[in-house]
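To start, the structure itself, in structure tokens.
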Amino acid sequence: MLITWWYLYLAARTFVEQTLRMTSVLQKLITPLASGPPEPPRNKVTVVGVGQVGMACAVSILLRELADELALVDVVEDKLKGEMMDLLHGSLFLKTPKIVADKDYSVTANSRIVVVTAGVRQQEGESRLNLVQRNVNIFKHIVPQIVRYSPDCIIIVVSNPVDVLTYVTWKLSGLPKHRVIGSGTNLDSARFRFLMADKLGIHSSSFNGWILGEHGDTSVPVWSGTNVAGVNLQTLNPNIGTDFDEENWKQTHKMVVDSAYEVIKLKGYTNWAIGLSVADLTESLMRNMNRIHPISTMVKGMYGISDEVYLSLPCVLNNGGVASVINMTLTDDEVAQLQASASTLWDIQRNLRDI
Amino acid sequence: NHTNWFVRCLCLHPIMSSVLQKLITPQASSSSDPPRNKVTVVGVGQVGMACAVSILLRDLCDELALVDVMEDRLKGEMMDLQHGSLFLKTSKIVADKDYSVTANSRLVVVTAGVRQQEGESRLNLVQRNVNVFKSIVPQIVKYSPDCTIIVVSNPVDVLTYVTWKLSGLPKHRVIGSGTNLDSARFRYMMAERLGIHASSFNGWVLGEHGDTSVPVWSGANVAGVNLQTLNPDIGTDADKEQWKATHKAVVDSAYEVIRLKGYTNWAIGLSVADLTESIVKNLSRVHPVSTMVKDKYGINEEVFLSLPCVLNSSGVCSVINMTLTDAEVGQLKKSADTLWGIQKDLKDL
């Protein structure tokens, strides 16, 4: 009898617990241990702009497991939310536990690296320099917000024309020059190495070659430095890169310059290669690697350039940004080409208003 | 200019060797080995490219082939990937509308076809996609008779059946991406409610990849602790915590993402790479994928539905025998009936 009452009591108690106190599955399953607010992120990356380039950067960074938090920002709210959800749905397969998105920049707070892909892109046949003023106006809204919420960040500018817009970003941000870089000729060099290596039957990473200067039509292939396993190609073929070269290696550089236009003509835009190259830069910065990349940096005072322009040179990247710049041994002709790029860019920059 | 002409003539002389010849002395004979882990992606839309990029970034294949009917787009995508070669470990990326480029693939991912418009259900796409598949599948098998095919195009369960019929391949070699994605979404959303990572939440969504998918609440667990034991009402309408809403959110999520950005691609791309990894690396991991379920759970028709399958280099090595409640079996049967209702009307398979 007593036992029956005991069981009835237990049943009643369980009922009370279930319905009145209602411990949830979460409460039953999990006992918290650590107290206090969640830890802030240590390796947060923000991508501004969720177009094709921005999302390619985001996915490459996620798949390379470089960030512990990813923030996305854009002005088109539906698309932004859709992209965030699509990435979140892949969480099971990723190692980035927090992915957030908002048009408000507060979501970007405490970023180590901010990748700026916002702005308008080249139409078929349009040169990058044509995009300038439209993109400057967009950057005036974006850059101060970025710095407001992540005053210690490093900004990687990707939007075109990248060299001019890196300058614009530097001016608008007030950040020291070593923390504002342009993706620059990192991609041109990657394309160059792919095309050259392909002709030699080896992997791109085994072909050493640098393209510097403007990311665009006037980029400078440093033929004097091209080598495989330290064997200098110009020593093997002194005409390399000139019009006298029977093998017409110069054509390969021309293909690099043309390749963006060609891909745009074929599929409407480029995104995968630039996304991978941005992830490559992010890795050096995030992991403090001191690897050297050709990226757009402030070159005033170098190679006889007296204007505040951004051009690509080989830069040592680590978690402070641009740690140092490699002093290239360039031929007079190569220096002249850099100076010509600098003049072209300065001509555009000095007409920009309100920066 | 005379000097130039003279120099050019001299260069035609066999003594003048190229940079390549001076730099590199071949050792192995010129024939290169065929690829061992070649993956083909059919269809270079948003889903196809998301699959391709996820596979490339996970270093899963030694050769990637892309096929589509839109030649410009196809070439542009191939070039864009090749330009990223420096950052990748897949040394050969090729593309053509001719399927000869897909020869000797271990795995073929089919994403070709039309996709859902806003608000459209997956089942509506059937006949249009069947017609597309009639031109695709025989070509795939012609050039890669030993491959495993992963069908992604929707409605995936019906199209996996169609692919199996058109290909003549044994059923363990044709799988549908099925509820691998639904389960990933489910695990993510459930885990979010519990404050843990998706990979630490174990839960399976089976059956149709679509509106009638079946969440197996009886198996949902964290660290072996069964959630239904903690909350016997879980997944029912009586559940105060309304866990059922989480499964509903999974079903709705594709529609929602499509409404917001026009299509979904990243999550499905990642989930296909996950399946690819198990197959190419012979892992024998268990995934919920669409497989031929005739003679299981009282289903008498040749339909494809998602069940937990052991995947390795032979394809679907085996199927896990789930312990399902009568209600869950009922739901599977209902999915099977819905799918058979559509399949029996398909022409010319």
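To be explicit about the labels: the chains of the structure tokens are called A, B, and onward in the order shown, and within each one the residues are counted from 1, while ligands get numbers from 1 in the order they are shown.
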Output as an NGL selection string all residues of segment 56-264 of chain A that backbone DSSP marks as alpha helix (DSSP H).
-> :A and (56-63 or 77-88 or 132-149 or 162-173 or 186-200 or 233-236 or 250-264)
Write out, as a Markdown table, each residue of chain A that has an atom at most 7 Å from chain B, together with the closest pair of atoms and their distance in Å to one decimal, counting only C-alpha atoms, rows going by chain and rising number.
```
| residue | atom | partner | partner_atom | distance |
| --- | --- | --- | --- | --- |
| A:Val25 | CA | B:Leu230 | CA | 6.0 |
| A:Leu26 | CA | B:Leu194 | CA | 5.9 |
| A:Lys28 | CA | B:Leu230 | CA | 6.9 |
| A:Leu63 | CA | B:Leu57 | CA | 6.3 |
| A:Asp78 | CA | B:Leu260 | CA | 4.6 |
| A:Lys79 | CA | B:Lys261 | CA | 4.4 |
| A:Lys81 | CA | B:Leu260 | CA | 6.7 |
| A:Gly82 | CA | B:Leu260 | CA | 4.8 |
| A:Glu83 | CA | B:Lys261 | CA | 6.7 |
| A:Met85 | CA | B:Val257 | CA | 6.8 |
| A:Asp86 | CA | B:Ala267 | CA | 5.5 |
| A:Leu87 | CA | B:Trp266 | CA | 5.9 |
| A:His89 | CA | B:Arg185 | CA | 5.0 |
| A:Gly90 | CA | B:Ala267 | CA | 4.3 |
| A:Ser91 | CA | B:Tyr188 | CA | 6.3 |
| A:Leu92 | CA | B:Ala198 | CA | 5.0 |
| A:Phe93 | CA | B:Leu270 | CA | 6.5 |
| A:Ala190 | CA | B:Leu86 | CA | 5.8 |
| A:Arg191 | CA | B:His83 | CA | 4.9 |
| A:Phe194 | CA | B:Ser85 | CA | 6.3 |
| A:Leu200 | CA | B:Leu20 | CA | 5.9 |
| A:Ser204 | CA | B:Leu86 | CA | 5.0 |
| A:Ser205 | CA | B:Leu86 | CA | 5.5 |
| A:Leu233 | CA | B:Val19 | CA | 6.9 |
| A:Leu236 | CA | B:Val19 | CA | 6.0 |
| A:Asn237 | CA | B:Val19 | CA | 6.3 |
| A:Glu246 | CA | B:Arg8 | CA | 6.8 |
| A:Val263 | CA | B:Gly76 | CA | 4.7 |
| A:Leu266 | CA | B:Asp72 | CA | 4.6 |
| A:Lys267 | CA | B:Arg73 | CA | 4.4 |
| A:Thr270 | CA | B:Asp80 | CA | 6.3 |
| A:Trp272 | CA | B:Asp80 | CA | 5.8 |
| A:Ala273 | CA | B:Gly84 | CA | 4.3 |
| A:Leu276 | CA | B:Gly84 | CA | 6.2 |
```
Restrict the selected residues to N, CA, C and O atoms and save them as a tab-separated table (two decimals), in the first residue's frame.
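The result, stored in result_16.tsv:
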```tsv
chain	number	residue	atom	x	y	z
A	25	VAL	N	14.75	19.78	-22.94
A	25	VAL	CA	15.74	18.80	-23.36
A	25	VAL	C	17.14	19.36	-23.13
A	25	VAL	O	18.03	18.68	-22.63
A	26	LEU	N	17.30	20.65	-23.44
A	26	LEU	CA	18.60	21.28	-23.28
A	26	LEU	C	19.05	21.22	-21.82
A	26	LEU	O	20.19	20.87	-21.52
A	28	LYS	N	18.07	19.19	-19.50
A	28	LYS	CA	18.30	17.82	-19.04
A	28	LYS	C	19.61	17.28	-19.61
A	28	LYS	O	20.33	16.53	-18.97
A	63	LEU	N	36.74	27.10	-46.53
A	63	LEU	CA	37.25	25.76	-46.84
A	63	LEU	C	38.72	25.61	-46.47
A	63	LEU	O	39.20	24.50	-46.33
A	78	ASP	N	18.13	40.85	-48.74
A	78	ASP	CA	17.64	39.49	-48.99
A	78	ASP	C	18.78	38.59	-49.44
A	78	ASP	O	18.95	37.47	-48.95
A	79	LYS	N	19.52	39.06	-50.41
A	79	LYS	CA	20.63	38.27	-50.93
A	79	LYS	C	21.61	37.96	-49.81
A	79	LYS	O	22.11	36.86	-49.67
A	81	LYS	N	21.09	37.76	-46.56
A	81	LYS	CA	20.56	36.76	-45.64
A	81	LYS	C	20.57	35.38	-46.28
A	81	LYS	O	20.90	34.38	-45.64
A	82	GLY	N	20.22	35.34	-47.57
A	82	GLY	CA	20.22	34.05	-48.28
A	82	GLY	C	21.59	33.43	-48.33
A	82	GLY	O	21.76	32.23	-48.10
A	83	GLU	N	22.61	34.25	-48.60
A	83	GLU	CA	23.97	33.72	-48.65
A	83	GLU	C	24.41	33.23	-47.28
A	83	GLU	O	25.04	32.17	-47.14
A	85	MET	N	22.53	32.11	-44.86
A	85	MET	CA	21.82	30.86	-44.55
A	85	MET	C	22.43	29.68	-45.30
A	85	MET	O	22.60	28.60	-44.75
A	86	ASP	N	22.73	29.90	-46.58
A	86	ASP	CA	23.29	28.83	-47.39
A	86	ASP	C	24.61	28.34	-46.81
A	86	ASP	O	24.90	27.14	-46.76
A	87	LEU	N	25.43	29.29	-46.31
A	87	LEU	CA	26.69	28.88	-45.68
A	87	LEU	C	26.44	28.16	-44.36
A	87	LEU	O	27.06	27.14	-44.05
A	89	HIS	N	23.94	26.42	-43.51
A	89	HIS	CA	23.44	25.06	-43.76
A	89	HIS	C	24.57	24.09	-44.04
A	89	HIS	O	24.39	22.88	-43.97
A	90	GLY	N	25.73	24.62	-44.38
A	90	GLY	CA	26.88	23.75	-44.60
A	90	GLY	C	27.74	23.60	-43.36
A	90	GLY	O	28.82	23.02	-43.42
A	91	SER	N	27.29	24.12	-42.21
A	91	SER	CA	28.08	24.12	-40.97
A	91	SER	C	28.67	22.77	-40.61
A	91	SER	O	29.78	22.68	-40.08
A	92	LEU	N	27.89	21.71	-40.86
A	92	LEU	CA	28.36	20.36	-40.51
A	92	LEU	C	29.70	20.06	-41.17
A	92	LEU	O	30.51	19.32	-40.63
A	93	PHE	N	29.93	20.66	-42.34
A	93	PHE	CA	31.12	20.33	-43.12
A	93	PHE	C	32.23	21.35	-42.93
A	93	PHE	O	33.25	21.30	-43.62
A	190	ALA	N	49.61	34.69	-60.17
A	190	ALA	CA	49.12	33.31	-60.13
A	190	ALA	C	48.76	32.84	-61.53
A	190	ALA	O	49.08	31.72	-61.94
A	191	ARG	N	48.11	33.71	-62.30
A	191	ARG	CA	47.75	33.35	-63.68
A	191	ARG	C	49.02	33.16	-64.51
A	191	ARG	O	49.13	32.21	-65.30
A	194	PHE	N	50.67	29.96	-63.67
A	194	PHE	CA	49.92	28.83	-64.24
A	194	PHE	C	50.23	28.69	-65.73
A	194	PHE	O	50.54	27.59	-66.22
A	200	LEU	N	55.66	24.52	-69.60
A	200	LEU	CA	56.85	23.75	-69.24
A	200	LEU	C	56.51	22.39	-68.65
A	200	LEU	O	57.40	21.63	-68.27
A	204	SER	N	52.24	25.03	-61.21
A	204	SER	CA	52.42	26.48	-61.03
A	204	SER	C	53.34	26.82	-59.89
A	204	SER	O	54.09	27.78	-59.96
A	205	SER	N	53.23	26.06	-58.78
A	205	SER	CA	54.00	26.42	-57.60
A	205	SER	C	55.50	26.19	-57.81
A	205	SER	O	56.31	26.68	-57.04
A	233	LEU	N	65.40	31.87	-66.40
A	233	LEU	CA	64.96	31.67	-67.79
A	233	LEU	C	65.58	32.69	-68.74
A	233	LEU	O	65.81	32.39	-69.91
A	236	LEU	N	68.74	31.45	-69.97
A	236	LEU	CA	68.58	30.44	-71.02
A	236	LEU	C	68.17	31.09	-72.34
A	236	LEU	O	68.52	30.61	-73.42
A	237	ASN	N	67.39	32.15	-72.24
A	237	ASN	CA	66.88	32.82	-73.45
A	237	ASN	C	66.91	34.32	-73.22
A	237	ASN	O	65.96	34.89	-72.70
A	246	GLU	N	61.94	34.35	-80.34
A	246	GLU	CA	61.31	33.42	-81.27
A	246	GLU	C	60.23	32.59	-80.59
A	246	GLU	O	59.27	32.15	-81.21
A	263	VAL	N	37.58	35.80	-69.55
A	263	VAL	CA	36.66	35.07	-68.68
A	263	VAL	C	35.34	35.82	-68.53
A	263	VAL	O	34.26	35.24	-68.54
A	266	LEU	N	33.25	35.20	-71.43
A	266	LEU	CA	32.71	33.84	-71.51
A	266	LEU	C	31.64	33.56	-70.46
A	266	LEU	O	30.64	32.92	-70.73
A	267	LYS	N	31.88	33.99	-69.22
A	267	LYS	CA	30.92	33.65	-68.17
A	267	LYS	C	30.32	34.85	-67.45
A	267	LYS	O	29.53	34.68	-66.55
A	270	THR	N	34.59	37.13	-63.24
A	270	THR	CA	35.53	36.14	-62.73
A	270	THR	C	35.34	36.09	-61.23
A	270	THR	O	35.03	37.11	-60.61
A	272	TRP	N	36.40	32.61	-59.10
A	272	TRP	CA	37.09	31.53	-58.38
A	272	TRP	C	38.56	31.84	-58.14
A	272	TRP	O	39.07	31.70	-57.03
A	273	ALA	N	39.25	32.29	-59.19
A	273	ALA	CA	40.69	32.53	-59.06
A	273	ALA	C	40.95	33.66	-58.08
A	273	ALA	O	41.85	33.57	-57.24
A	276	LEU	N	40.37	32.40	-54.52
A	276	LEU	CA	41.47	31.57	-54.02
A	276	LEU	C	42.69	32.43	-53.68
A	276	LEU	O	43.39	32.18	-52.70
```
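Between Ala56 of chain A and the residues B:Met322, B:Val67, B:Pro34, B:Gln46, the shortest atom-to-atom distance, using only C-alpha atoms, involves B:Gln46.
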Have a look at B:Val280, B:Val108, B:Leu349, B:Val303 and name the one nearest to Tyr161 of chain B; count only C-alpha atoms.
->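 So, comparing all the options, the nearest one is B:Val303.
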Give me, please, the distance in Å between atom CA of Val158 of chain B and atom CA of Ser306 of chain B, quoted to one decimal.
-> 11.5 Å
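The neighbours of segment 108-113 of chain A here are the residues that come within 6 Å of it, using only C-alpha atoms and leaving out any residue fewer than 6 positions away in the same chain; they are Lys44, Val45, Ala71, Tyr149, Ser150, Cys153, Ile154 and Ile155 of chain A.
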So that I have them on file, write out the residues from the current selection with N, CA and C atoms, as a JSON list (two decimals), in the first residue's frame.
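And here's part_6.json as it stands now:
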```json
[["chain", "number", "residue", "atom", "x", "y", "z"],
["A", 44, "LYS", "N", 38.76, 36.62, -36.69],
["A", 44, "LYS", "CA", 37.53, 36.96, -37.39],
["A", 44, "LYS", "C", 37.85, 37.60, -38.73],
["A", 45, "VAL", "N", 37.12, 37.17, -39.75],
["A", 45, "VAL", "CA", 37.25, 37.77, -41.08],
["A", 45, "VAL", "C", 35.89, 38.34, -41.47],
["A", 71, "ALA", "N", 32.00, 37.28, -40.94],
["A", 71, "ALA", "CA", 30.89, 38.22, -41.04],
["A", 71, "ALA", "C", 30.74, 38.65, -42.49],
["A", 149, "TYR", "N", 34.43, 49.82, -36.32],
["A", 149, "TYR", "CA", 34.16, 48.61, -35.57],
["A", 149, "TYR", "C", 35.38, 47.69, -35.43],
["A", 150, "SER", "N", 36.39, 47.90, -36.26],
["A", 150, "SER", "CA", 37.59, 47.07, -36.18],
["A", 150, "SER", "C", 38.80, 47.97, -36.38],
["A", 153, "CYS", "N", 42.17, 46.37, -37.55],
["A", 153, "CYS", "CA", 42.13, 45.35, -38.60],
["A", 153, "CYS", "C", 43.14, 45.62, -39.71],
["A", 154, "ILE", "N", 43.28, 44.64, -40.59],
["A", 154, "ILE", "CA", 44.00, 44.80, -41.84],
["A", 154, "ILE", "C", 42.94, 44.74, -42.94],
["A", 155, "ILE", "N", 42.99, 45.68, -43.86],
["A", 155, "ILE", "CA", 41.99, 45.70, -44.92],
["A", 155, "ILE", "C", 42.64, 45.20, -46.21]]
```
Go through A:Asn318, A:Ile326, A:Ser284, A:Pro144 and flag the residue nearest Met302 of chain A, using only C-alpha atoms for the distances.
->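 Result for the nearest residue to Met302 of chain A: A:Ile326.
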Sel. of strand (DSSP E or B) residues, segment 117-280 of chain A, as a list in words =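 Those residues are Ile154, Ile155, Ile156, Val157, Val180, Ile181, Gly182, Asn208, Ile211, Leu212, Gly213, Ser219, Val220, Pro221, Asn227, Val228, Val231 and Asn232 of chain A.
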Might you pull out every residue within 10 Å of Thr291 of chain B, with only C-alpha atoms counted and same-chain residues fewer than 2 positions away left off, and present them as a ChimeraX atom specification?
-> /B:157,160-161,164,171-178,207,288-289,293-294,302-309,316,319
Hey, what's within 10 Å of segment 119-125 of chain A if we count only C-alpha atoms and toss same-chain stuff fewer than 3 positions away? As a PyMOL selection string, please?
-> chain A and resi 48-49+51+53+116+128-132+134-139+158-161+260-266+268-270
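Nearest residue to Gln139 of chain B, choosing from B:Ser290, B:Ser32, B:Asn154, B:Ser100 and counting only C-alpha atoms: B:Ser100.
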Separation of atom CA of Gly275 of chain A from atom CA of Val59 of chain A, in Å and rounded to one decimal =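 Taking atom CA of Gly275 of chain A as the start and atom CA of Val59 of chain A as the end point, the length is 7.9 Å.
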Do a neighbour search on Asp211 of chain B at 9 Å with only C-alpha atoms, toss out local chain neighbours closer than 2 positions, and write the hits as a PyMOL selection string.
-> chain B and resi 121-122+208-209+213+248+251-252
Within 10 Å of Leu313 of chain A using only C-alpha atoms, minus same-chain residues under 3 positions, as a list in words |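 In the requested form, the answer reads Gly184, Thr185, Asn186, Trp210, Ile211, Leu212, Gly213, Glu214, Ile292, His293, Pro294, Ile295, Ser296, Thr297, Met298, Val299, Tyr310, Val316, Val325, Ile326, Asn327, Met328 and Leu338 of chain A.
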Taking N, CA and C atoms for each residue, export the selection above as a PDB file, in the first residue's frame.
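Dumped everything to part.pdb:
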```
ATOM      1  N   GLY A 184      45.866  43.396 -55.660  1.00  0.00           N
ATOM      2  CA  GLY A 184      46.918  43.698 -56.620  1.00  0.00           C
ATOM      3  C   GLY A 184      47.227  42.627 -57.645  1.00  0.00           C
ATOM      4  N   THR A 185      48.525  42.392 -57.852  1.00  0.00           N
ATOM      5  CA  THR A 185      48.928  41.439 -58.876  1.00  0.00           C
ATOM      6  C   THR A 185      49.142  40.037 -58.296  1.00  0.00           C
ATOM      7  N   ASN A 186      48.584  39.768 -57.096  1.00  0.00           N
ATOM      8  CA  ASN A 186      48.677  38.407 -56.571  1.00  0.00           C
ATOM      9  C   ASN A 186      48.007  37.454 -57.563  1.00  0.00           C
ATOM     10  N   TRP A 210      57.240  36.810 -61.177  1.00  0.00           N
ATOM     11  CA  TRP A 210      56.500  37.888 -60.517  1.00  0.00           C
ATOM     12  C   TRP A 210      55.968  38.883 -61.523  1.00  0.00           C
ATOM     13  N   ILE A 211      54.710  39.245 -61.332  1.00  0.00           N
ATOM     14  CA  ILE A 211      54.133  40.358 -62.080  1.00  0.00           C
ATOM     15  C   ILE A 211      53.862  41.446 -61.065  1.00  0.00           C
ATOM     16  N   LEU A 212      54.343  42.641 -61.378  1.00  0.00           N
ATOM     17  CA  LEU A 212      54.232  43.749 -60.427  1.00  0.00           C
ATOM     18  C   LEU A 212      53.519  44.922 -61.080  1.00  0.00           C
ATOM     19  N   GLY A 213      53.415  45.985 -60.281  1.00  0.00           N
ATOM     20  CA  GLY A 213      52.858  47.215 -60.834  1.00  0.00           C
ATOM     21  C   GLY A 213      51.345  47.248 -60.778  1.00  0.00           C
ATOM     22  N   GLU A 214      50.754  47.777 -61.820  1.00  0.00           N
ATOM     23  CA  GLU A 214      49.300  47.922 -61.849  1.00  0.00           C
ATOM     24  C   GLU A 214      48.630  46.573 -62.032  1.00  0.00           C
ATOM     25  N   ILE A 292      55.944  35.968 -48.900  1.00  0.00           N
ATOM     26  CA  ILE A 292      56.022  37.126 -49.788  1.00  0.00           C
ATOM     27  C   ILE A 292      54.983  37.007 -50.888  1.00  0.00           C
ATOM     28  N   HIS A 293      54.224  38.062 -51.057  1.00  0.00           N
ATOM     29  CA  HIS A 293      53.193  38.076 -52.092  1.00  0.00           C
ATOM     30  C   HIS A 293      53.288  39.383 -52.872  1.00  0.00           C
ATOM     31  N   PRO A 294      52.963  39.367 -54.165  1.00  0.00           N
ATOM     32  CA  PRO A 294      52.891  40.622 -54.903  1.00  0.00           C
ATOM     33  C   PRO A 294      51.536  41.263 -54.639  1.00  0.00           C
ATOM     34  N   ILE A 295      51.527  42.266 -53.785  1.00  0.00           N
ATOM     35  CA  ILE A 295      50.268  42.939 -53.481  1.00  0.00           C
ATOM     36  C   ILE A 295      50.481  44.443 -53.513  1.00  0.00           C
ATOM     37  N   SER A 296      49.352  45.125 -53.611  1.00  0.00           N
ATOM     38  CA  SER A 296      49.385  46.562 -53.829  1.00  0.00           C
ATOM     39  C   SER A 296      49.685  47.280 -52.516  1.00  0.00           C
ATOM     40  N   THR A 297      50.785  48.051 -52.522  1.00  0.00           N
ATOM     41  CA  THR A 297      51.194  48.762 -51.336  1.00  0.00           C
ATOM     42  C   THR A 297      51.655  50.163 -51.723  1.00  0.00           C
ATOM     43  N   MET A 298      51.832  51.009 -50.714  1.00  0.00           N
ATOM     44  CA  MET A 298      52.180  52.411 -50.988  1.00  0.00           C
ATOM     45  C   MET A 298      53.652  52.497 -51.425  1.00  0.00           C
ATOM     46  N   VAL A 299      53.877  52.981 -52.639  1.00  0.00           N
ATOM     47  CA  VAL A 299      55.230  52.905 -53.198  1.00  0.00           C
ATOM     48  C   VAL A 299      55.925  54.251 -53.322  1.00  0.00           C
ATOM     49  N   TYR A 310      49.509  53.447 -54.999  1.00  0.00           N
ATOM     50  CA  TYR A 310      49.619  52.059 -54.615  1.00  0.00           C
ATOM     51  C   TYR A 310      49.901  51.237 -55.869  1.00  0.00           C
ATOM     52  N   VAL A 316      56.304  41.249 -47.716  1.00  0.00           N
ATOM     53  CA  VAL A 316      56.298  40.223 -46.685  1.00  0.00           C
ATOM     54  C   VAL A 316      55.060  40.453 -45.828  1.00  0.00           C
ATOM     55  N   VAL A 325      58.979  45.309 -47.601  1.00  0.00           N
ATOM     56  CA  VAL A 325      58.887  45.210 -49.055  1.00  0.00           C
ATOM     57  C   VAL A 325      60.228  44.732 -49.571  1.00  0.00           C
ATOM     58  N   ILE A 326      60.197  43.815 -50.521  1.00  0.00           N
ATOM     59  CA  ILE A 326      61.442  43.322 -51.103  1.00  0.00           C
ATOM     60  C   ILE A 326      61.942  44.334 -52.119  1.00  0.00           C
ATOM     61  N   ASN A 327      63.248  44.615 -52.075  1.00  0.00           N
ATOM     62  CA  ASN A 327      63.836  45.530 -53.051  1.00  0.00           C
ATOM     63  C   ASN A 327      64.195  44.743 -54.295  1.00  0.00           C
ATOM     64  N   MET A 328      63.363  44.888 -55.318  1.00  0.00           N
ATOM     65  CA  MET A 328      63.575  44.120 -56.538  1.00  0.00           C
ATOM     66  C   MET A 328      64.773  44.651 -57.308  1.00  0.00           C
ATOM     67  N   LEU A 338      57.011  50.723 -64.289  1.00  0.00           N
ATOM     68  CA  LEU A 338      56.388  51.001 -62.988  1.00  0.00           C
ATOM     69  C   LEU A 338      56.063  52.476 -62.876  1.00  0.00           C
TER      70      LEU A 338
END
```
Find the residue from A:Pro40, A:Leu10, A:Trp249, A:His141 that sits nearest to Val168 of chain A; use only C-alpha atoms when measuring.
->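 Closest residue, counting only C-alpha atoms: A:His141.
The residue that comes closest to Trp204 of chain B, out of B:Thr276, B:Gln242, B:Thr323, B:Ser153 and on the basis of only C-alpha atoms, is B:Thr323.
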Find the distance between atom CA of Ile181 of chain A and atom CA of Asn227 of chain A and write it in Å to one decimal.
->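 Interatomic distance here is 26.5 Å.
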